[in-house]
Amino acid sequence: MKIRQHIFAIAIFVLAASSLFGQNETAKPATPNASPEAKALLWLIYNLSGKYTLTGQHNYPMAGDRNSVFATNYSGKPPVIWSIDFGFAKEGDQDSYRMRQASVREAIRQNKMGSLVTFCWHAVPPTANEPVTFQPIPGADPNALASVQGRLTDDQFKDLLTPGTALYQHWTAQVDTIAFYLKELQKAHVAILWRPYHEMNGNWFWWGNRVGQYGTAALYRQLFDRLVNHHKLTNLVWVWSVDRPTRAGMEFTNFYPGNNYLDILALDVYGSDFKKDYYDGLISLSNGKPITLAEVGTPPSPEILESQPKWSYWVIWAGMTRNTSRKQYDALLNDSRVLGRDDSAYINAVNGMRAATSLPQLALNKPADFTGEWILNEDKSSLDGAGASNLAAKLKIAQDNSQVAVQKTFIEEWEDNRITNEKLSLNGTESQSEYYGFPRISTAQLSAGQDTLKINSKVSINRGGSSTTMLNTEAWALQNHGRELCITQTADSPQGKRKIILVYEKATL
């Protein structure tokens, strides 16, 4: 059955993709002979455009996926897009260029998990060597710019675009370094939403806000030529990225490199400045190509998405997840147009892409994952006359495909808190542990729907020559977009029966 479904998914993809790319010239990748992965990724964006908006999260190079994990825990939905930068800064900095190999490994892992991968690069100016600072150091020689912000002189920018000059040669060496890592991703069959020279209509980055023959658009085309024609990279989906045209000289058209050099048009928005004029401007320039929000401080509201439905995805910049309240996330994530990585509409769509690229299919009914740190909320819990006594105040849970490890912290009023550890197999086999020094035998198994964990425990208590047995049943379930763990607990002991409902909130700090 699985083989039949796999073949069916491939057939659906081939039919849809051949129809799309055959009838719509704008849907063809900018890269000649694009890899199957890149074609499938671009097809996916086209297929979802105007119907859904994908969630995304940027991660600092030093963080790996930590920003995305935080966003999942805070918002309650794992983002589809995993974003990262190739870095420029010294070792130990959050934007360290030394993390490139680690970023490649994480990108491969994210791709296997079902995420879509996007890379940007705060490119090092050709007047300097790595590492550089973000802003110019006060008093530094302006002709030897060693930061990603700042300006080259007009003559320097002209030399950068003139083959044979020292700056051109230095630039090619820098680009070739990045090409090495992009080739590793190509060998691993990972397609990249590649966003070079972002916010190019702004004047804050060294590459930006230059027009004419020796302008920013020419630099973008030069990079395209170096990566596509010289290095033969075929796994890149080219994302042309601008900022809001908030003043004269930032008009999109001044920096547009031409339809043959890009696949997706992107806008960066901070301060919730989602003016309809920006959206309409990109739409009119796009000639049918998808548009996206490559960087945002806060995602667009459901009302914005209603009037601007063609935003393909958004990427929240690192460290800005909490710019949006949980109440606002609830409104967004309850909107059927907004998709996370575990949503069935996304899984169904991306499985067509994965079938065409030999990646395993994502499961529609994934087992509930209780991994995380959880803090008991007594107000939300339904307790009996014993209150919170002898109940775990904190749970630290690590779950994989075969077992769940649970560390419980109990508050002791007369001494240090008590901590217990237990590992439970998820296939229903018995696990042994202790309960106040007495032997406990437990079994754990996920429900048929994979959404509830059922745990049965038996404790044998021997005191003064008499033996008693205490039975305990727990049902674990996630609620409130995965931000709460609800445990319904029933205990049966010689002292009587006890039924309580414990509500634990996921810790995000």
# chains A, B, ... in the order shown; residues from 1 in each chain; ligands from 1
$ closest_atom_pairs --of "region 28-126 of chain A" --to "region 172-179 of chain A" --cutoff "9 Å" --atoms "only C-alpha atoms" --output "Markdown table"
| residue | atom | partner | partner_atom | distance |
| --- | --- | --- | --- | --- |
| A:Phe86 | CA | A:Ile178 | CA | 7.8 |
| A:Arg100 | CA | A:Ile178 | CA | 8.8 |
| A:Trp121 | CA | A:Ile178 | CA | 8.9 |
| A:Ala123 | CA | A:Gln174 | CA | 8.5 |
| A:Val124 | CA | A:Gln174 | CA | 7.6 |
| A:Pro125 | CA | A:Gln174 | CA | 8.9 |
| A:Pro126 | CA | A:Gln174 | CA | 7.7 |
$ residues_around --residues "region 381-398 of chain A" --least-positions-apart "4" --cutoff "8 Å" --atoms "only C-alpha atoms" --output "ChimeraX atom specification"
/A:370-377,404-411,498-504
$ closest_residue --among "A:Asn201, A:Arg109, A:Asn235, A:Trp207" --to "Asn254 (chain A)" --atoms "only C-alpha atoms"
A:Asn201
$ closest_atom_pairs --of "region 308-394 of chain A" --to "region 277-288 of chain A" --cutoff "12 Å" --atoms "only C-alpha atoms" --output "Markdown table"
| residue | atom | partner | partner_atom | distance |
| --- | --- | --- | --- | --- |
| A:Gln308 | CA | A:Tyr279 | CA | 6.9 |
| A:Pro309 | CA | A:Tyr279 | CA | 9.6 |
| A:Lys310 | CA | A:Ile283 | CA | 8.6 |
| A:Trp311 | CA | A:Tyr279 | CA | 8.5 |
| A:Ser312 | CA | A:Tyr279 | CA | 12.0 |
$ residues_around --residues "Gln110 (chain A)" --least-positions-apart "4" --cutoff "12 Å" --atoms "only C-alpha atoms" --output "list in words"
Gly64, Asp65, Ser68, Val69, Pro78, Pro79, Val80, Ile81, Trp82, Ser83, Ile84, Ser103, Val104, Arg105, Glu106, Gly114, Ser115, Leu116, Val117, Thr118, Leu185, Val190, Ala191, Ile192 and Arg341 of chain A
$ select_by_dssp --residues "region 73-124 of chain A" --states "helix (DSSP H, G or I)" --output "PyMOL selection string"
chain A and resi 73-75+97-113
$ select_by_dssp --residues "region 250-427 of chain A" --states "strand (DSSP E)" --output "VMD selection string"
chain A and resid 264 to 269 291 to 296 311 to 316 338 to 339 372 to 376 394 to 399 403 to 410 418 to 425
$ residues_around --residues "Tyr168 (chain A)" --least-positions-apart "6" --cutoff "12 Å" --atoms "only C-alpha atoms" --output "compact mmCIF listing (two decimals) with all heavy atoms, in the first residue's frame"
# COMPACT_ATOMS: atom_id res chain seq x y z
N PRO A 125 32.42 42.61 2.65
CA PRO A 125 32.79 43.49 1.54
C PRO A 125 34.12 43.06 0.93
O PRO A 125 34.98 42.50 1.64
CB PRO A 125 32.88 44.87 2.19
CG PRO A 125 33.14 44.61 3.63
CD PRO A 125 32.41 43.33 3.94
N PRO A 126 34.34 43.30 -0.34
CA PRO A 126 35.58 42.87 -1.00
C PRO A 126 36.80 43.67 -0.55
O PRO A 126 37.92 43.39 -1.00
CB PRO A 126 35.29 43.10 -2.48
CG PRO A 126 34.27 44.19 -2.50
CD PRO A 126 33.43 43.97 -1.27
N THR A 127 36.61 44.65 0.33
CA THR A 127 37.71 45.44 0.88
C THR A 127 38.26 44.82 2.15
O THR A 127 39.17 45.39 2.77
CB THR A 127 37.23 46.87 1.18
OG1 THR A 127 36.04 46.79 1.99
CG2 THR A 127 36.92 47.62 -0.10
N GLN A 156 35.41 52.04 -5.95
CA GLN A 156 35.50 50.67 -5.45
C GLN A 156 34.37 49.80 -6.00
O GLN A 156 34.59 48.66 -6.41
CB GLN A 156 35.48 50.67 -3.92
CG GLN A 156 36.76 51.14 -3.26
CD GLN A 156 36.62 51.25 -1.76
OE1 GLN A 156 35.53 51.53 -1.23
NE2 GLN A 156 37.72 51.04 -1.03
N PHE A 157 33.17 50.35 -6.03
CA PHE A 157 32.04 49.56 -6.52
C PHE A 157 32.20 49.28 -8.01
O PHE A 157 31.88 48.19 -8.49
CB PHE A 157 30.72 50.29 -6.26
CG PHE A 157 29.57 49.35 -5.98
CD1 PHE A 157 29.30 48.93 -4.69
CD2 PHE A 157 28.78 48.87 -7.01
CE1 PHE A 157 28.25 48.05 -4.43
CE2 PHE A 157 27.73 48.00 -6.76
CZ PHE A 157 27.47 47.59 -5.46
N LYS A 158 32.75 50.23 -8.75
CA LYS A 158 33.00 50.02 -10.18
C LYS A 158 34.05 48.93 -10.36
O LYS A 158 33.91 48.05 -11.23
CB LYS A 158 33.45 51.32 -10.84
CG LYS A 158 33.67 51.19 -12.34
CD LYS A 158 34.04 52.53 -12.95
CE LYS A 158 34.27 52.40 -14.46
NZ LYS A 158 34.64 53.72 -15.07
N ASP A 159 35.11 48.96 -9.55
CA ASP A 159 36.14 47.93 -9.64
C ASP A 159 35.58 46.55 -9.30
O ASP A 159 35.95 45.54 -9.90
CB ASP A 159 37.30 48.25 -8.70
CG ASP A 159 38.20 49.36 -9.22
OD1 ASP A 159 38.02 49.75 -10.40
OD2 ASP A 159 39.04 49.85 -8.46
N LEU A 160 34.70 46.51 -8.32
CA LEU A 160 34.06 45.25 -7.92
C LEU A 160 33.35 44.60 -9.09
O LEU A 160 33.31 43.37 -9.21
CB LEU A 160 33.09 45.54 -6.77
CG LEU A 160 32.05 44.49 -6.39
CD1 LEU A 160 32.72 43.22 -5.93
CD2 LEU A 160 31.12 45.03 -5.32
N LEU A 161 32.80 45.41 -9.98
CA LEU A 161 32.03 44.91 -11.12
C LEU A 161 32.87 44.83 -12.40
O LEU A 161 32.32 44.59 -13.48
CB LEU A 161 30.81 45.80 -11.35
CG LEU A 161 29.77 45.77 -10.22
CD1 LEU A 161 28.72 46.85 -10.44
CD2 LEU A 161 29.12 44.41 -10.11
N THR A 162 34.17 45.00 -12.27
CA THR A 162 35.05 44.99 -13.44
C THR A 162 36.01 43.82 -13.34
O THR A 162 36.92 43.81 -12.50
CB THR A 162 35.86 46.30 -13.53
OG1 THR A 162 34.96 47.41 -13.55
CG2 THR A 162 36.72 46.32 -14.79
N GLN A 174 35.69 35.29 -2.24
CA GLN A 174 34.70 35.24 -1.16
C GLN A 174 33.46 34.45 -1.58
O GLN A 174 32.93 33.63 -0.82
CB GLN A 174 34.31 36.66 -0.74
CG GLN A 174 35.44 37.43 -0.07
CD GLN A 174 35.11 38.90 0.07
OE1 GLN A 174 34.37 39.47 -0.74
NE2 GLN A 174 35.66 39.53 1.10
N VAL A 175 33.00 34.70 -2.78
CA VAL A 175 31.83 33.98 -3.29
C VAL A 175 32.14 32.49 -3.45
O VAL A 175 31.30 31.63 -3.14
CB VAL A 175 31.36 34.59 -4.62
CG1 VAL A 175 30.27 33.74 -5.27
CG2 VAL A 175 30.85 36.01 -4.40
N LEU A 219 25.42 43.85 -9.51
CA LEU A 219 26.13 42.97 -8.58
C LEU A 219 25.36 41.67 -8.38
O LEU A 219 25.95 40.58 -8.34
CB LEU A 219 26.34 43.69 -7.26
CG LEU A 219 27.02 42.87 -6.15
CD1 LEU A 219 28.42 42.46 -6.57
CD2 LEU A 219 27.05 43.66 -4.85
N GLN A 222 25.85 39.54 -11.33
CA GLN A 222 27.21 39.02 -11.34
C GLN A 222 27.32 37.80 -10.40
O GLN A 222 27.98 36.81 -10.72
CB GLN A 222 28.19 40.11 -10.90
CG GLN A 222 29.66 39.68 -10.91
CD GLN A 222 30.59 40.86 -10.67
OE1 GLN A 222 30.86 41.63 -11.60
NE2 GLN A 222 31.08 41.01 -9.44
N LEU A 223 26.65 37.87 -9.26
CA LEU A 223 26.63 36.74 -8.34
C LEU A 223 25.90 35.55 -8.96
O LEU A 223 26.35 34.40 -8.84
CB LEU A 223 25.95 37.14 -7.02
CG LEU A 223 25.83 36.04 -5.98
CD1 LEU A 223 27.21 35.63 -5.47
CD2 LEU A 223 24.94 36.48 -4.82
N ARG A 226 28.19 33.90 -11.36
CA ARG A 226 29.30 33.17 -10.72
C ARG A 226 28.82 31.84 -10.14
O ARG A 226 29.50 30.80 -10.27
CB ARG A 226 29.90 34.03 -9.59
CG ARG A 226 31.16 33.44 -8.97
CD ARG A 226 32.33 33.56 -9.89
NE ARG A 226 33.54 32.91 -9.34
CZ ARG A 226 34.66 32.80 -10.01
NH1 ARG A 226 34.76 33.28 -11.26
NH2 ARG A 226 35.71 32.20 -9.48
